[in-house]
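Q: Contents of entry12.pdb (PDB, C-alpha atoms):
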```pdb
ATOM      1  CA  MET A  72     -20.085 -12.880 -22.134  1.00  0.00           C
ATOM      2  CA  SER A  73     -21.698 -15.213 -19.616  1.00  0.00           C
ATOM      3  CA  ASN A  74     -22.509 -14.319 -16.009  1.00  0.00           C
ATOM      4  CA  ARG A  75     -19.829 -16.735 -14.829  1.00  0.00           C
ATOM      5  CA  GLN A  76     -17.159 -14.961 -16.890  1.00  0.00           C
ATOM      6  CA  GLN A  77     -18.321 -11.573 -15.629  1.00  0.00           C
ATOM      7  CA  ARG A  78     -18.089 -12.742 -12.011  1.00  0.00           C
ATOM      8  CA  LYS A  79     -14.541 -14.016 -12.627  1.00  0.00           C
ATOM      9  CA  ILE A  80     -13.525 -10.661 -14.127  1.00  0.00           C
ATOM     10  CA  ILE A  81     -15.005  -8.769 -11.186  1.00  0.00           C
ATOM     11  CA  GLN A  82     -13.325 -11.111  -8.670  1.00  0.00           C
ATOM     12  CA  LEU A  83      -9.841 -10.882 -10.233  1.00  0.00           C
ATOM     13  CA  PRO A  84      -8.807  -7.460  -8.838  1.00  0.00           C
ATOM     14  CA  GLU A  85      -9.964  -8.471  -5.352  1.00  0.00           C
ATOM     15  CA  ASP A  86      -7.917 -11.676  -5.564  1.00  0.00           C
ATOM     16  CA  VAL A  87      -4.810  -9.729  -6.615  1.00  0.00           C
ATOM     17  CA  LEU A  88      -5.239  -7.202  -3.791  1.00  0.00           C
ATOM     18  CA  SER A  89      -5.750 -10.029  -1.322  1.00  0.00           C
ATOM     19  CA  LYS A  90      -2.446 -11.603  -2.385  1.00  0.00           C
ATOM     20  CA  VAL A  91      -0.668  -8.234  -2.082  1.00  0.00           C
ATOM     21  CA  ARG A  92      -2.101  -7.741   1.437  1.00  0.00           C
ATOM     22  CA  LEU A  93      -0.949 -11.194   2.534  1.00  0.00           C
ATOM     23  CA  GLY A  94       2.487 -10.664   0.992  1.00  0.00           C
ATOM     24  CA  ILE A  95       2.962  -7.352   2.787  1.00  0.00           C
ATOM     25  CA  ILE A  96       1.948  -8.885   6.121  1.00  0.00           C
ATOM     26  CA  GLU A  97       4.200 -11.927   5.727  1.00  0.00           C
ATOM     27  CA  ASP A  98       7.213 -10.638   3.779  1.00  0.00           C
ATOM     28  CA  ARG A  99       6.948  -6.839   4.165  1.00  0.00           C
ATOM     29  CA  LYS A 100       7.684  -6.467   0.442  1.00  0.00           C
ATOM     30  CA  VAL A 101       5.736  -7.475  -2.679  1.00  0.00           C
ATOM     31  CA  LYS A 102       6.917  -6.946  -6.250  1.00  0.00           C
ATOM     32  CA  VAL A 103       4.259  -6.930  -8.984  1.00  0.00           C
ATOM     33  CA  THR A 104       5.959  -7.091 -12.373  1.00  0.00           C
ATOM     34  CA  GLY A 105       4.935  -4.223 -14.637  1.00  0.00           C
ATOM     35  CA  LEU A 106       3.250  -2.375 -11.771  1.00  0.00           C
ATOM     36  CA  GLY A 107       5.658  -1.712  -8.922  1.00  0.00           C
ATOM     37  CA  ILE A 108       6.775  -2.608  -5.412  1.00  0.00           C
ATOM     38  CA  PHE A 109       4.692  -2.471  -2.240  1.00  0.00           C
ATOM     39  CA  GLU A 110       6.715  -2.419   0.982  1.00  0.00           C
ATOM     40  CA  THR A 111       6.326  -1.488   4.625  1.00  0.00           C
ATOM     41  CA  ARG A 112       8.336   1.165   6.405  1.00  0.00           C
ATOM     42  CA  LYS A 113       8.557   1.995  10.096  1.00  0.00           C
ATOM     43  CA  VAL A 114       7.963   5.621  11.029  1.00  0.00           C
ATOM     44  CA  LYS A 115       9.647   6.595  14.306  1.00  0.00           C
ATOM     45  CA  ALA A 116       7.812   8.248  17.158  1.00  0.00           C
ATOM     46  CA  ARG A 117       8.320  12.014  17.230  1.00  0.00           C
ATOM     47  CA  ARG A 118       7.277  15.188  18.961  1.00  0.00           C
ATOM     48  CA  GLY A 119       4.671  17.355  17.300  1.00  0.00           C
ATOM     49  CA  ARG A 120       2.559  20.389  18.042  1.00  0.00           C
ATOM     50  CA  ASN A 121      -1.202  20.797  18.247  1.00  0.00           C
ATOM     51  CA  PRO A 122      -1.902  23.535  15.661  1.00  0.00           C
ATOM     52  CA  ARG A 123      -4.834  24.970  17.661  1.00  0.00           C
ATOM     53  CA  THR A 124      -3.244  25.195  21.090  1.00  0.00           C
ATOM     54  CA  GLY A 125       0.473  25.079  20.309  1.00  0.00           C
ATOM     55  CA  GLU A 126       0.826  22.333  22.933  1.00  0.00           C
ATOM     56  CA  GLU A 127       3.600  19.793  22.333  1.00  0.00           C
ATOM     57  CA  ILE A 128       2.403  16.217  21.865  1.00  0.00           C
ATOM     58  CA  GLU A 129       4.053  12.842  21.347  1.00  0.00           C
ATOM     59  CA  ILE A 130       3.167  11.245  17.989  1.00  0.00           C
ATOM     60  CA  PRO A 131       3.574   7.458  18.289  1.00  0.00           C
ATOM     61  CA  GLY A 132       5.549   5.439  15.739  1.00  0.00           C
ATOM     62  CA  TYR A 133       3.707   3.301  13.202  1.00  0.00           C
ATOM     63  CA  VAL A 134       4.160   1.147  10.112  1.00  0.00           C
ATOM     64  CA  LYS A 135       3.058   2.468   6.729  1.00  0.00           C
ATOM     65  CA  VAL A 136       2.802   0.909   3.277  1.00  0.00           C
ATOM     66  CA  ARG A 137       4.808   2.511   0.473  1.00  0.00           C
ATOM     67  CA  PHE A 138       4.336   1.967  -3.275  1.00  0.00           C
ATOM     68  CA  LYS A 139       7.022   2.613  -5.860  1.00  0.00           C
ATOM     69  CA  ALA A 140       5.894   2.407  -9.491  1.00  0.00           C
ATOM     70  CA  THR A 141       8.003   0.767 -12.192  1.00  0.00           C
ATOM     71  CA  ALA A 142       9.591   2.919 -14.888  1.00  0.00           C
ATOM     72  CA  SER A 143       7.219   1.506 -17.508  1.00  0.00           C
ATOM     73  CA  LEU A 144       4.168   2.479 -15.428  1.00  0.00           C
ATOM     74  CA  LYS A 145       5.557   5.975 -14.846  1.00  0.00           C
ATOM     75  CA  LYS A 146       6.053   6.340 -18.587  1.00  0.00           C
ATOM     76  CA  LEU A 147       2.371   5.536 -19.235  1.00  0.00           C
ATOM     77  CA  VAL A 148       1.165   8.096 -16.721  1.00  0.00           C
TER      78      VAL A 148
END
```
Once you've parsed the file, please lay out its structure as structure tokens.
A:
Amino acid sequence: MSNRQQRKIIQLPEDVLSKVRLGIIEDRKVKVTGLGIFETRKVKARRGRNPRTGEEIEIPGYVKVRFKATASLKKLV
């Protein structure tokens, strides 16, 4: 295997992840056939408690990325 081929193989996963990142930012949902679905979800702000002091605190809302594997991937694992 030549150095050029090796570099292409190493670059491939980074290219795929880059496309997934862009898709999530733009469309909020990316489906990768045979792998699963990446999507964003909003988490609402909520009240929480500091475990050390017991003081109530406000936990701000945020957006998180969720991954749901396809049935075929689950079967392999």
Q: Decode the PyMOL selection byres ((chain A and resi 135) around 7) for the given file into explicit residues and return them as a PDB file with C-alpha atoms, keeping the file's coordinate frame.
A:
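Below is the file that was written, out04.pdb:
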```pdb
ATOM      1  CA  THR A 111       6.326  -1.488   4.625  1.00  0.00           C
ATOM      2  CA  ARG A 112       8.336   1.165   6.405  1.00  0.00           C
ATOM      3  CA  LYS A 113       8.557   1.995  10.096  1.00  0.00           C
ATOM      4  CA  TYR A 133       3.707   3.301  13.202  1.00  0.00           C
ATOM      5  CA  VAL A 134       4.160   1.147  10.112  1.00  0.00           C
ATOM      6  CA  VAL A 136       2.802   0.909   3.277  1.00  0.00           C
ATOM      7  CA  ARG A 137       4.808   2.511   0.473  1.00  0.00           C
TER       8      ARG A 137
END
```
Q: Record the distance separating CA of Gly107 in chain A and CA of Lys139 in chain A, expressed in Å with one decimal.
A: 5.5 Å
Q: Would you mind reading off the distance between CA of Lys145 in chain A and CA of Gly94 in chain A, one decimal, in Å?
A: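 Separating CA of Lys145 in chain A from CA of Gly94 in chain A is a distance of 23.2 Å.
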Q: The PyMOL selection byres ((chain A and resi 116) around 7) on the file shown: which residues, as a list in words?
A: Val114, Lys115, Arg117, Ile130, Pro131 and Gly132 of chain A
Q: What does the distance from CA of Phe109 in chain A to CA of Ile80 in chain A come to in Å, to one decimal?
A: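 A separation of 23.2 Å between them.
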Q: With 5 Å added on each side, what axis-aligned box encloses every listed atom of range 89-101 of chain A? Give the centre and edge lengths in Å to one decimal, as AutoDock Vina command-line options.
A:
```
--center_x 1.0 --center_y -9.2 --center_z 1.7 --size_x 23.4 --size_y 15.5 --size_z 18.8
```
Q: Closest to Lys90 in chain A among A:Arg78, A:Thr141, A:Arg118, A:Val103, using all atoms listed in the file?
A: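 For Lys90 in chain A, the nearest of the given residues is A:Val103.
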Q: Name the closest residue to Asp98 in chain A among the candidates A:Gly125, A:Asp86, A:Gly119, A:Glu110; distances are taken between atoms, counting all atoms listed in the file.
A: A:Glu110
Q: Nearest residue to Lys146 in chain A out of A:Val91, A:Met72, A:Leu106, A:Lys79, using all atoms listed in the file?
A: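 Ranked by minimum distance to Lys146 in chain A, first place goes to A:Leu106.
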